[in-house]
>>> print(open('work.cif').read())   # mmCIF, C-alpha atoms
data_entry
loop_
_atom_site.label_atom_id
_atom_site.label_comp_id
_atom_site.auth_asym_id
_atom_site.auth_seq_id
_atom_site.Cartn_x
_atom_site.Cartn_y
_atom_site.Cartn_z
CA MET A 1 3.86 -16.09 13.38
CA LYS A 2 0.56 -17.24 11.98
CA SER A 3 -1.27 -13.87 11.82
CA LEU A 4 1.71 -12.31 10.04
CA GLU A 5 1.86 -15.08 7.45
CA GLU A 6 -1.88 -14.67 6.85
CA LYS A 7 -1.40 -10.93 6.39
CA ILE A 8 1.42 -11.51 3.90
CA ILE A 9 -0.70 -14.00 1.93
CA LYS A 10 -3.73 -11.68 1.96
CA TYR A 11 -2.08 -8.30 1.30
CA GLY A 12 1.42 -9.03 -0.03
CA VAL A 13 1.99 -8.60 -3.74
CA VAL A 14 4.62 -10.64 -5.55
CA ARG A 15 6.36 -8.86 -8.42
CA ASP A 16 8.93 -9.94 -10.99
CA GLY A 17 12.47 -10.33 -9.73
CA ASN A 18 11.55 -11.92 -6.39
CA VAL A 19 10.07 -8.65 -5.13
CA LEU A 20 7.49 -8.90 -2.34
CA LYS A 21 5.50 -5.70 -1.77
CA VAL A 22 4.10 -5.37 1.74
CA ASP A 23 3.73 -1.60 1.79
CA SER A 24 0.03 -1.77 2.62
CA PHE A 25 0.79 -2.88 6.20
CA LEU A 26 4.54 -2.90 6.90
CA ASN A 27 6.74 -0.29 5.27
CA HIS A 28 4.66 2.57 3.90
CA GLN A 29 1.26 2.23 5.50
CA MET A 30 1.81 0.66 8.92
CA ASP A 31 -0.72 -1.58 10.70
CA ILE A 32 -0.10 -0.67 14.33
CA SER A 33 -2.25 -3.52 15.74
CA LEU A 34 -0.08 -5.98 13.84
CA PHE A 35 3.05 -4.11 15.03
CA ASN A 36 1.88 -4.69 18.61
CA GLU A 37 1.55 -8.42 18.00
CA ILE A 38 5.02 -8.39 16.42
CA GLY A 39 6.45 -6.45 19.37
CA LYS A 40 4.97 -8.94 21.85
CA GLU A 41 6.42 -11.84 19.88
CA PHE A 42 9.92 -10.30 19.82
CA HIS A 43 9.58 -9.82 23.58
CA ARG A 44 8.51 -13.43 24.08
CA LEU A 45 11.60 -14.57 22.15
CA TYR A 46 14.12 -12.25 23.83
CA LYS A 47 12.61 -11.51 27.25
CA ASP A 48 15.28 -13.45 29.17
CA GLU A 49 18.18 -11.66 27.51
CA ASN A 50 18.25 -8.46 29.59
CA ILE A 51 18.11 -6.26 26.50
CA THR A 52 19.26 -2.69 27.26
CA LYS A 53 18.65 -1.11 23.87
CA ILE A 54 16.99 -1.76 20.53
CA VAL A 55 18.92 -0.75 17.42
CA THR A 56 17.35 -0.35 13.98
CA ILE A 57 17.94 1.52 10.73
CA GLU A 58 15.96 4.31 9.13
CA ALA A 59 13.32 4.48 7.83
CA SER A 60 11.03 1.48 7.78
CA GLY A 61 12.54 -0.33 10.77
CA ILE A 62 11.74 2.53 13.14
CA GLY A 63 8.02 1.87 13.59
CA VAL A 64 8.32 -1.80 14.52
CA ALA A 65 11.35 -1.07 16.74
CA CYS A 66 9.50 1.65 18.70
CA ILE A 67 6.38 -0.46 19.25
CA ALA A 68 8.51 -3.45 20.33
CA ALA A 69 10.60 -1.28 22.67
CA GLN A 70 7.54 -0.70 24.86
CA TYR A 71 7.54 -4.38 25.86
CA PHE A 72 11.25 -4.29 26.76
CA ASN A 73 11.06 -0.86 28.38
CA VAL A 74 14.25 0.28 26.64
CA PRO A 75 15.17 3.13 24.26
CA VAL A 76 15.56 2.74 20.50
CA VAL A 77 18.51 4.04 18.49
CA PHE A 78 18.21 4.17 14.72
CA ALA A 79 21.20 4.20 12.38
CA LYS A 80 21.19 7.08 9.92
CA LYS A 81 21.98 6.64 6.25
CA SER A 82 23.59 10.05 5.81
CA LYS A 83 25.84 12.23 7.88
CA THR A 84 23.66 15.34 7.80
CA SER A 85 24.14 18.45 9.87
CA ASN A 86 21.97 16.76 12.51
CA LEU A 87 24.65 14.16 13.15
CA THR A 88 27.67 15.72 14.77
CA GLY A 89 30.46 14.39 16.95
CA ASP A 90 31.96 10.95 17.05
CA VAL A 91 30.07 8.22 15.24
CA TYR A 92 30.26 4.49 14.73
CA GLN A 93 30.09 3.59 11.07
CA GLY A 94 28.89 0.48 9.27
CA ARG A 95 28.88 -0.24 5.56
CA ILE A 96 25.98 -1.95 3.88
CA TYR A 97 25.72 -3.27 0.38
CA SER A 98 22.34 -2.83 -1.27
CA PHE A 99 21.71 -5.61 -3.75
CA THR A 100 18.59 -3.78 -4.91
CA HIS A 101 20.41 -0.58 -5.80
CA GLN A 102 23.85 -2.21 -6.32
CA CYS A 103 25.81 0.26 -4.25
CA PHE A 104 27.40 0.71 -0.83
CA THR A 105 25.82 2.97 1.77
CA ASP A 106 27.49 4.01 5.00
CA ILE A 107 25.35 4.11 8.13
CA TYR A 108 26.06 5.96 11.34
CA ILE A 109 25.22 5.89 15.03
CA LYS A 110 26.52 8.49 17.45
CA LYS A 111 29.01 6.93 19.86
CA SER A 112 27.21 8.31 22.92
CA TYR A 113 24.21 6.05 22.30
CA ILE A 114 25.79 2.57 22.39
CA ASN A 115 28.52 1.35 24.67
CA GLU A 116 30.14 -1.81 26.00
CA ASP A 117 27.58 -2.14 28.82
CA ASP A 118 24.75 -2.55 26.30
CA ASN A 119 23.08 -5.78 25.31
CA ILE A 120 21.57 -5.01 21.94
CA LEU A 121 18.56 -6.38 20.12
CA ILE A 122 18.58 -5.39 16.45
CA ILE A 123 15.11 -5.06 14.91
CA ASP A 124 14.31 -4.58 11.23
CA ASP A 125 11.33 -5.04 8.97
CA PHE A 126 13.06 -7.03 6.21
CA LEU A 127 15.99 -9.37 5.75
CA ALA A 128 16.94 -10.51 2.27
CA MET A 129 20.64 -10.64 1.38
CA GLY A 130 21.49 -9.40 4.86
CA GLY A 131 23.28 -6.15 3.96
CA ALA A 132 21.50 -3.90 6.46
CA LEU A 133 21.72 -6.40 9.32
CA ASP A 134 25.40 -6.95 8.63
CA GLY A 135 26.02 -3.17 8.77
CA LEU A 136 24.21 -2.88 12.10
CA ILE A 137 26.21 -5.81 13.53
CA GLN A 138 29.44 -4.04 12.48
CA ILE A 139 28.37 -1.02 14.55
CA VAL A 140 27.44 -3.11 17.61
CA ASP A 141 30.84 -4.86 17.39
CA GLU A 142 32.70 -1.58 16.95
CA ALA A 143 30.98 -0.23 20.07
CA GLY A 144 32.08 -3.29 22.03
CA ALA A 145 28.47 -3.96 22.99
CA LYS A 146 26.98 -7.43 23.37
CA LEU A 147 24.61 -8.56 20.63
CA ALA A 148 21.68 -10.60 21.94
CA GLY A 149 20.39 -11.18 18.43
CA ALA A 150 18.14 -9.84 15.72
CA GLY A 151 14.37 -9.71 15.38
CA ILE A 152 13.18 -9.55 11.78
CA VAL A 153 9.58 -9.24 10.61
CA ILE A 154 9.93 -10.85 7.16
CA GLU A 155 12.93 -12.83 5.96
CA LYS A 156 13.32 -13.88 2.35
CA GLY A 157 14.92 -17.18 3.28
CA PHE A 158 15.70 -18.15 -0.30
CA GLN A 159 18.07 -15.18 -0.64
CA GLY A 160 20.35 -16.64 2.01
CA GLY A 161 21.29 -13.54 4.03
CA GLY A 162 19.70 -14.77 7.25
CA ASP A 163 21.31 -18.20 7.16
CA LEU A 164 24.72 -16.69 6.36
CA ILE A 165 24.49 -14.48 9.46
CA ARG A 166 23.19 -17.40 11.59
CA SER A 167 26.20 -19.44 10.44
CA LYS A 168 28.43 -16.84 12.13
CA GLY A 169 26.75 -17.60 15.47
CA VAL A 170 24.29 -14.69 15.54
CA ARG A 171 20.77 -15.45 16.77
CA VAL A 172 18.33 -14.32 14.08
CA GLU A 173 14.61 -14.68 14.80
CA SER A 174 12.37 -13.96 11.82
CA LEU A 175 8.62 -13.98 12.36
CA ALA A 176 7.90 -15.06 8.80
CA ILE A 177 10.47 -16.76 6.57
CA ILE A 178 9.63 -17.07 2.90
CA GLU A 179 11.18 -20.20 1.45
CA SER A 180 10.10 -19.55 -2.11
CA MET A 181 7.75 -17.38 -4.09
CA ASN A 182 7.89 -18.96 -7.52
CA ASP A 183 5.02 -18.05 -9.84
CA GLY A 184 3.65 -15.78 -7.12
CA GLU A 185 2.97 -18.66 -4.71
CA LEU A 186 4.35 -17.98 -1.24
CA VAL A 187 5.83 -20.91 0.65
CA PHE A 188 6.87 -20.34 4.27
CA ARG A 189 9.63 -22.11 6.21
CA HIS A 190 8.41 -23.69 9.46
CA MET B 1 3.77 19.71 28.09
CA LYS B 2 5.74 20.14 31.28
CA SER B 3 7.72 16.86 31.23
CA LEU B 4 8.77 17.50 27.62
CA GLU B 5 9.97 21.02 28.40
CA GLU B 6 11.97 19.65 31.33
CA LYS B 7 13.52 17.03 29.06
CA ILE B 8 14.46 19.70 26.50
CA ILE B 9 16.05 21.87 29.21
CA LYS B 10 17.92 18.93 30.71
CA TYR B 11 19.09 17.11 27.57
CA GLY B 12 18.72 19.59 24.70
CA VAL B 13 21.90 21.22 23.39
CA VAL B 14 21.79 24.66 21.79
CA ARG B 15 24.27 25.20 18.99
CA ASP B 16 25.21 28.23 16.90
CA GLY B 17 22.71 29.20 14.21
CA ASN B 18 19.60 28.53 16.31
CA VAL B 19 20.20 24.80 16.23
CA LEU B 20 18.62 22.74 19.01
CA LYS B 21 19.97 19.19 19.31
CA VAL B 22 17.55 16.74 20.90
CA ASP B 23 19.00 13.58 19.43
CA SER B 24 19.54 11.98 22.83
CA PHE B 25 15.79 11.42 23.27
CA LEU B 26 13.83 12.44 20.16
CA ASN B 27 15.39 11.92 16.75
CA HIS B 28 18.34 9.52 16.95
CA GLN B 29 18.04 7.83 20.31
CA MET B 30 14.32 7.66 21.14
CA ASP B 31 12.91 7.69 24.68
CA ILE B 32 9.87 5.46 24.29
CA SER B 33 8.41 6.29 27.73
CA LEU B 34 8.40 9.95 26.72
CA PHE B 35 6.92 9.00 23.33
CA ASN B 36 4.04 7.34 25.18
CA GLU B 37 3.34 10.50 27.16
CA ILE B 38 3.49 12.45 23.88
CA GLY B 39 1.11 10.02 22.21
CA LYS B 40 -1.39 10.30 25.06
CA GLU B 41 -1.24 14.09 24.88
CA PHE B 42 -1.89 14.12 21.11
CA HIS B 43 -4.83 11.81 21.78
CA ARG B 44 -6.18 14.10 24.51
CA LEU B 45 -6.02 17.03 22.08
CA TYR B 46 -7.54 15.26 19.05
CA LYS B 47 -9.70 12.49 20.56
CA ASP B 48 -13.00 14.09 19.49
CA GLU B 49 -11.96 14.48 15.86
CA ASN B 50 -12.64 10.93 14.60
CA ILE B 51 -9.14 10.59 13.18
CA THR B 52 -8.93 7.78 10.60
CA LYS B 53 -5.23 7.91 9.82
CA ILE B 54 -1.98 9.45 11.03
CA VAL B 55 0.38 10.80 8.38
CA THR B 56 4.04 11.57 9.01
CA ILE B 57 7.31 11.83 7.07
CA GLU B 58 10.41 9.67 7.21
CA ALA B 59 12.51 9.22 9.20
CA SER B 60 12.33 10.84 12.61
CA GLY B 61 8.56 11.40 12.63
CA ILE B 62 7.82 7.68 12.34
CA GLY B 63 8.51 6.66 15.94
CA VAL B 64 6.29 9.26 17.58
CA ALA B 65 3.57 8.69 14.97
CA CYS B 66 3.49 4.91 15.58
CA ILE B 67 3.38 5.24 19.37
CA ALA B 68 0.62 7.88 19.13
CA ALA B 69 -1.38 5.77 16.67
CA GLN B 70 -1.97 3.16 19.38
CA TYR B 71 -4.15 5.63 21.29
CA PHE B 72 -6.21 6.44 18.19
CA ASN B 73 -6.32 2.85 16.99
CA VAL B 74 -5.55 3.90 13.39
CA PRO B 75 -2.81 3.08 10.86
CA VAL B 76 0.16 5.34 10.11
CA VAL B 77 1.31 6.31 6.61
CA PHE B 78 4.71 7.90 6.21
CA ALA B 79 5.69 10.07 3.26
CA LYS B 80 8.84 8.94 1.49
CA LYS B 81 11.58 11.32 0.43
CA SER B 82 12.60 9.38 -2.64
CA LYS B 83 10.81 7.45 -5.30
CA THR B 84 12.75 4.22 -4.92
CA SER B 85 11.92 0.90 -6.48
CA ASN B 86 9.81 0.22 -3.39
CA LEU B 87 7.36 2.94 -4.36
CA THR B 88 5.44 2.00 -7.45
CA GLY B 89 2.12 2.99 -8.88
CA ASP B 90 0.24 6.24 -8.53
CA VAL B 91 1.50 8.63 -5.87
CA TYR B 92 0.52 11.94 -4.35
CA GLN B 93 3.42 14.35 -4.36
CA GLY B 94 4.31 17.28 -2.12
CA ARG B 95 7.26 19.62 -2.35
CA ILE B 96 9.13 20.77 0.70
CA TYR B 97 11.78 23.43 1.00
CA SER B 98 14.55 22.65 3.46
CA PHE B 99 15.92 25.86 4.94
CA THR B 100 18.70 23.83 6.58
CA HIS B 101 19.97 22.35 3.34
CA GLN B 102 18.59 25.12 1.06
CA CYS B 103 17.00 22.84 -1.47
CA PHE B 104 13.65 21.41 -2.51
CA THR B 105 12.76 17.78 -1.83
CA ASP B 106 9.75 15.99 -3.26
CA ILE B 107 7.85 13.66 -0.97
CA TYR B 108 5.48 10.88 -1.95
CA ILE B 109 2.57 8.88 -0.60
CA LYS B 110 0.96 6.08 -2.58
CA LYS B 111 -2.57 7.06 -3.60
CA SER B 112 -4.08 3.86 -2.22
CA TYR B 113 -3.29 4.91 1.34
CA ILE B 114 -5.17 8.23 1.67
CA ASN B 115 -8.55 9.09 0.26
CA GLU B 116 -11.41 11.55 0.59
CA ASP B 117 -13.04 9.57 3.40
CA ASP B 118 -10.01 10.09 5.63
CA ASN B 119 -9.72 12.55 8.47
CA ILE B 120 -5.99 13.01 8.86
CA LEU B 121 -3.83 13.90 11.83
CA ILE B 122 -0.31 14.87 10.75
CA ILE B 123 2.37 14.11 13.34
CA ASP B 124 5.99 15.19 13.22
CA ASP B 125 8.86 15.59 15.66
CA PHE B 126 9.91 19.11 14.67
CA LEU B 127 8.43 22.27 13.20
CA ALA B 128 10.69 25.20 12.37
CA MET B 129 10.10 27.05 9.09
CA GLY B 130 7.22 24.68 8.30
CA GLY B 131 8.51 23.15 5.08
CA ALA B 132 7.80 19.51 5.93
CA LEU B 133 4.35 20.21 7.40
CA ASP B 134 3.45 22.29 4.36
CA GLY B 135 4.44 19.44 2.03
CA LEU B 136 2.32 16.96 3.99
CA ILE B 137 -0.67 19.34 3.90
CA GLN B 138 -0.28 19.56 0.09
CA ILE B 139 -0.60 15.77 -0.08
CA VAL B 140 -3.67 15.64 2.20
CA ASP B 141 -5.30 18.38 0.08
CA GLU B 142 -4.42 16.63 -3.17
CA ALA B 143 -6.02 13.44 -1.84
CA GLY B 144 -9.22 15.35 -1.03
CA ALA B 145 -8.99 14.14 2.58
CA LYS B 146 -10.02 16.21 5.59
CA LEU B 147 -7.20 17.56 7.72
CA ALA B 148 -8.03 17.55 11.44
CA GLY B 149 -4.75 19.22 12.27
CA ALA B 150 -1.13 18.65 13.15
CA GLY B 151 0.57 17.37 16.29
CA ILE B 152 4.16 18.52 16.66
CA VAL B 153 6.56 17.55 19.43
CA ILE B 154 8.84 20.62 19.36
CA GLU B 155 8.11 23.86 17.51
CA LYS B 156 10.72 26.56 17.11
CA GLY B 157 8.18 29.34 17.46
CA PHE B 158 10.63 32.12 16.67
CA GLN B 159 11.14 30.74 13.16
CA GLY B 160 7.51 31.44 12.30
CA GLY B 161 6.54 28.33 10.34
CA GLY B 162 3.88 27.20 12.82
CA ASP B 163 2.16 30.58 13.05
CA LEU B 164 2.18 30.95 9.27
CA ILE B 165 0.37 27.62 8.90
CA ARG B 166 -2.05 28.48 11.76
CA SER B 167 -2.86 31.73 9.95
CA LYS B 168 -4.17 29.64 7.05
CA GLY B 169 -6.73 28.05 9.38
CA VAL B 170 -4.89 24.81 10.13
CA ARG B 171 -4.98 23.58 13.72
CA VAL B 172 -1.36 23.08 14.87
CA GLU B 173 -0.80 21.71 18.37
CA SER B 174 2.83 21.75 19.47
CA LEU B 175 3.70 20.17 22.81
CA ALA B 176 6.65 22.50 23.38
CA ILE B 177 7.06 25.85 21.62
CA ILE B 178 10.42 27.55 21.92
CA GLU B 179 9.99 31.31 21.82
CA SER B 180 13.69 32.12 21.89
CA MET B 181 17.02 30.48 22.57
CA ASN B 182 19.37 33.44 22.65
CA ASP B 183 22.72 32.81 24.33
CA GLY B 184 21.68 29.19 24.88
CA GLU B 185 18.81 30.12 27.21
CA LEU B 186 15.56 28.39 26.25
CA VAL B 187 12.34 30.38 26.68
CA PHE B 188 9.03 28.51 26.08
CA ARG B 189 5.74 30.01 24.86
CA HIS B 190 2.81 29.28 27.18
#
>>> encode(input="work.cif", output="structure tokens")
Amino acid sequence: MKSLEEKIIKYGVVRDGNVLKVDSFLNHQMDISLFNEIGKEFHRLYKDENITKIVTIEASGIGVACIAAQYFNVPVVFAKKSKTSNLTGDVYQGRIYSFTHQCFTDIYIKKSYINEDDNILIIDDFLAMGGALDGLIQIVDEAGAKLAGAGIVIEKGFQGGGDLIRSKGVRVESLAIIESMNDGELVFRH
Amino acid sequence: MKSLEEKIIKYGVVRDGNVLKVDSFLNHQMDISLFNEIGKEFHRLYKDENITKIVTIEASGIGVACIAAQYFNVPVVFAKKSKTSNLTGDVYQGRIYSFTHQCFTDIYIKKSYINEDDNILIIDDFLAMGGALDGLIQIVDEAGAKLAGAGIVIEKGFQGGGDLIRSKGVRVESLAIIESMNDGELVFRH
């Protein structure tokens, strides 16, 4: 998506260790006009799939997922990263490995909110090693729901998580895929 | 807001200890059509205030804030509850007391994203004792920004947090205020 790539080039900041900071428009401050373009693009890609629900993970996936959901006219369910007092009753559980923090985190969705009649679109802001997406797919599978695919805003293609998940037959549509960012120069996959 | 009150009566679940569960439409599964009505209502209330930015707190405030932001045509900034590797540089810090978990949590917003030229609308899904709203107000004050007010989806009026903050001169608009929920019967303030 051209306007997204331009935004990443203009406002993204590359840091040591293959870190790309996009918190000025994506995951701390959020550019809602851009989110609307992103939502329309996810809808263009998945509009024939009869999506019944969008699933994402707290916190930074929620904004994009909610804006996109307007175009599909479906509810959003976000996976929670802790089993607080707000999360009671039966839950589906997925396990994600964070390569950034080098630890496992369990994520939860209440069983009432996904079932085998659902056709799920997973939406998230970032895909690098694929840990979060993999955890969400575990939950969709456990619920017996159909997975239409995933819509990702930015994929760090060179970290391989997206291609690994594609190789398992999952449709993964990323609106910007970064092929490399050596010496701070961003190269996109087209 | 009539349609919101009806939704709370129909789908809200009252639990022991003055707990109101609205996770089927507000803070786990999210009813985006309702969020649009909520966003329009916040805009109706604050449209003359020249809002420049909406501020909320992760995670469950983000969805409502993003949908509402479309009507104001402004960006959203969400406060983070931990200072992870994603949050670098100078930050404003607020401290919130959670009466549910009986502990303090520090929240952070990067200094670049609020400044003294901003006129802020704070949006959140819930207001009970007022801890989260108070922490966000601390950050707006620290940034030297103007605070137009707060837009809250559900206020538990009987817990006093909203009225305490109003008594300090802050405009707090809650779309549904629960006056009491004794024996599971919800009574709204009008």
>>> interface_residues(input="work.cif", of="chain B", to="chain A", cutoff="10 Å", atoms="all atoms listed in the file", output="VMD selection string")
chain B and resid 19 to 36 53 to 55 57 to 70 73 to 80 84 to 88 100 to 101 109 to 110 112 to 114
>>> closest_residue(input="work.cif", among="A:Asp48, A:Gly94, A:Ile137, A:Glu6", to="Val187 of chain A", atoms="all atoms listed in the file")
A:Glu6
>>> closest_residue(input="work.cif", among="B:Thr105, B:Asn18, B:Asp118, B:Asp134", to="Glu179 of chain B", atoms="all atoms listed in the file")
B:Asn18
>>> residues_around(input="work.cif", residues="Met1 of chain A", least_positions_apart="4", cutoff="9 Å", atoms="only C-alpha atoms", output="list in words")
Glu5, Glu6, Ile38, Glu41, Ser174, Leu175 and Ala176 of chain A
>>> atom_distance(input="work.cif", atom1="atom CA of Glu49 of chain A", atom2="atom CA of Val153 of chain A")
19.1 Å
>>> residues_around(input="work.cif", residues="Glu142 of chain B", least_positions_apart="6", cutoff="10 Å", atoms="all atoms listed in the file", output="ChimeraX atom specification")
/B:92-94,111,114-116,136
>>> resolve_selection(input="work.cif", expression="the PyMOL selection byres ((chain A and resi 82) around 8)", output="list in words")
Lys80, Lys81, Lys83, Thr84, Asp106, Ile107 and Tyr108 of chain A
>>> closest_residue(input="work.cif", among="B:Leu186, B:Val14, B:Ala143, B:Leu45", to="Asp90 of chain B", atoms="all atoms listed in the file")
B:Ala143
>>> closest_residue(input="work.cif", among="B:Asn50, B:Val170, B:Lys7, B:Gly130", to="Asp117 of chain B", atoms="all atoms listed in the file")
B:Asn50
>>> atom_distance(input="work.cif", atom1="atom CA of Ala148 of chain A", atom2="atom CA of Arg171 of chain A")
7.1 Å
>>> atom_distance(input="work.cif", atom1="atom CA of Arg189 of chain B", atom2="atom CA of Gly160 of chain B")
12.8 Å
>>> resolve_selection(input="work.cif", expression="the PyMOL selection byres ((chain A and resi 131) around 8)", output="PyMOL selection string")
chain A and resi 96-99+128-130+132-135+161
>>> closest_residue(input="work.cif", among="A:Asp183, A:Phe72, A:Asp141, A:Asp125", to="Lys156 of chain A", atoms="all atoms listed in the file")
A:Asp125
>>> axis_aligned_box(input="work.cif", around="segment 24-28 of chain B", padding_each_side="3 Å", output="lines of an AutoDock Vina configuration file")
center_x = 16.7
center_y = 11.0
center_z = 20.0
size_x = 11.7
size_y = 8.9
size_z = 12.5
>>> resolve_selection(input="work.cif", expression="the PyMOL selection byres ((chain A and resi 119) around 6)", output="list in words")
Ile51, Thr52, Asp118, Ile120, Lys146 and Leu147 of chain A
>>> decode(input="work.cif", residues="segment 7-82 of chain B", atoms="C-alpha atoms", output="PDB file, in the first residue's frame")
ATOM      1  CA  LYS B   7     -27.620  -2.520  25.825  1.00  0.00           C
ATOM      2  CA  ILE B   8     -26.333  -2.499  29.420  1.00  0.00           C
ATOM      3  CA  ILE B   9     -29.696  -3.749  30.722  1.00  0.00           C
ATOM      4  CA  LYS B  10     -29.927  -6.447  28.064  1.00  0.00           C
ATOM      5  CA  TYR B  11     -26.334  -7.713  27.981  1.00  0.00           C
ATOM      6  CA  GLY B  12     -24.671  -6.446  31.172  1.00  0.00           C
ATOM      7  CA  VAL B  13     -24.144  -8.959  33.971  1.00  0.00           C
ATOM      8  CA  VAL B  14     -24.046  -7.827  37.592  1.00  0.00           C
ATOM      9  CA  ARG B  15     -21.704  -9.795  39.824  1.00  0.00           C
ATOM     10  CA  ASP B  16     -21.000  -9.719  43.552  1.00  0.00           C
ATOM     11  CA  GLY B  17     -18.897  -6.806  44.766  1.00  0.00           C
ATOM     12  CA  ASN B  18     -20.537  -4.186  42.521  1.00  0.00           C
ATOM     13  CA  VAL B  19     -18.978  -5.703  39.424  1.00  0.00           C
ATOM     14  CA  LEU B  20     -20.703  -4.977  36.103  1.00  0.00           C
ATOM     15  CA  LYS B  21     -19.576  -7.202  33.225  1.00  0.00           C
ATOM     16  CA  VAL B  22     -20.044  -5.649  29.799  1.00  0.00           C
ATOM     17  CA  ASP B  23     -17.453  -7.692  27.969  1.00  0.00           C
ATOM     18  CA  SER B  24     -19.947  -8.960  25.399  1.00  0.00           C
ATOM     19  CA  PHE B  25     -20.096  -5.540  23.712  1.00  0.00           C
ATOM     20  CA  LEU B  26     -17.633  -3.083  25.281  1.00  0.00           C
ATOM     21  CA  ASN B  27     -14.312  -4.374  26.556  1.00  0.00           C
ATOM     22  CA  HIS B  28     -13.559  -7.836  25.158  1.00  0.00           C
ATOM     23  CA  GLN B  29     -15.974  -8.309  22.292  1.00  0.00           C
ATOM     24  CA  MET B  30     -16.641  -4.859  20.816  1.00  0.00           C
ATOM     25  CA  ASP B  31     -19.885  -3.845  19.104  1.00  0.00           C
ATOM     26  CA  ILE B  32     -18.617  -1.453  16.454  1.00  0.00           C
ATOM     27  CA  SER B  33     -22.093  -0.179  15.468  1.00  0.00           C
ATOM     28  CA  LEU B  34     -22.615   0.854  19.084  1.00  0.00           C
ATOM     29  CA  PHE B  35     -19.117   2.382  19.145  1.00  0.00           C
ATOM     30  CA  ASN B  36     -20.132   4.545  16.190  1.00  0.00           C
ATOM     31  CA  GLU B  37     -23.199   5.818  18.031  1.00  0.00           C
ATOM     32  CA  ILE B  38     -20.972   6.502  21.051  1.00  0.00           C
ATOM     33  CA  GLY B  39     -18.443   8.340  18.899  1.00  0.00           C
ATOM     34  CA  LYS B  40     -21.158  10.528  17.378  1.00  0.00           C
ATOM     35  CA  GLU B  41     -22.497  11.367  20.828  1.00  0.00           C
ATOM     36  CA  PHE B  42     -19.043  12.379  22.124  1.00  0.00           C
ATOM     37  CA  HIS B  43     -18.715  14.559  19.032  1.00  0.00           C
ATOM     38  CA  ARG B  44     -22.123  16.153  19.635  1.00  0.00           C
ATOM     39  CA  LEU B  45     -21.049  16.988  23.198  1.00  0.00           C
ATOM     40  CA  TYR B  46     -17.561  18.310  22.391  1.00  0.00           C
ATOM     41  CA  LYS B  47     -17.827  19.531  18.779  1.00  0.00           C
ATOM     42  CA  ASP B  48     -17.456  23.223  19.709  1.00  0.00           C
ATOM     43  CA  GLU B  49     -14.280  22.682  21.726  1.00  0.00           C
ATOM     44  CA  ASN B  50     -11.718  22.569  18.896  1.00  0.00           C
ATOM     45  CA  ILE B  51     -10.299  19.259  20.088  1.00  0.00           C
ATOM     46  CA  THR B  52      -6.825  18.611  18.657  1.00  0.00           C
ATOM     47  CA  LYS B  53      -6.183  15.158  20.077  1.00  0.00           C
ATOM     48  CA  ILE B  54      -7.938  12.295  21.852  1.00  0.00           C
ATOM     49  CA  VAL B  55      -6.062  10.631  24.707  1.00  0.00           C
ATOM     50  CA  THR B  56      -6.971   7.238  26.136  1.00  0.00           C
ATOM     51  CA  ILE B  57      -5.324   4.355  27.999  1.00  0.00           C
ATOM     52  CA  GLU B  58      -4.614   0.816  26.877  1.00  0.00           C
ATOM     53  CA  ALA B  59      -6.278  -1.523  26.288  1.00  0.00           C
ATOM     54  CA  SER B  60     -10.050  -1.284  26.359  1.00  0.00           C
ATOM     55  CA  GLY B  61     -10.267   2.488  25.822  1.00  0.00           C
ATOM     56  CA  ILE B  62      -8.516   2.290  22.447  1.00  0.00           C
ATOM     57  CA  GLY B  63     -11.423   1.002  20.355  1.00  0.00           C
ATOM     58  CA  VAL B  64     -13.942   3.631  21.417  1.00  0.00           C
ATOM     59  CA  ALA B  65     -11.301   6.372  21.174  1.00  0.00           C
ATOM     60  CA  CYS B  66     -10.358   5.429  17.587  1.00  0.00           C
ATOM     61  CA  ILE B  67     -13.964   5.236  16.386  1.00  0.00           C
ATOM     62  CA  ALA B  68     -14.773   8.581  18.062  1.00  0.00           C
ATOM     63  CA  ALA B  69     -11.654  10.224  16.603  1.00  0.00           C
ATOM     64  CA  GLN B  70     -13.103   9.863  13.100  1.00  0.00           C
ATOM     65  CA  TYR B  71     -15.816  12.387  13.953  1.00  0.00           C
ATOM     66  CA  PHE B  72     -13.281  14.889  15.300  1.00  0.00           C
ATOM     67  CA  ASN B  73     -10.749  14.213  12.564  1.00  0.00           C
ATOM     68  CA  VAL B  74      -7.872  14.096  15.082  1.00  0.00           C
ATOM     69  CA  PRO B  75      -5.244  11.504  16.076  1.00  0.00           C
ATOM     70  CA  VAL B  76      -5.477   9.295  19.160  1.00  0.00           C
ATOM     71  CA  VAL B  77      -2.661   8.786  21.671  1.00  0.00           C
ATOM     72  CA  PHE B  78      -2.949   5.952  24.153  1.00  0.00           C
ATOM     73  CA  ALA B  79      -1.110   5.856  27.467  1.00  0.00           C
ATOM     74  CA  LYS B  80       0.932   2.716  27.999  1.00  0.00           C
ATOM     75  CA  LYS B  81       0.941   0.785  31.251  1.00  0.00           C
ATOM     76  CA  SER B  82       4.524  -0.374  31.000  1.00  0.00           C
TER      77      SER B  82
END
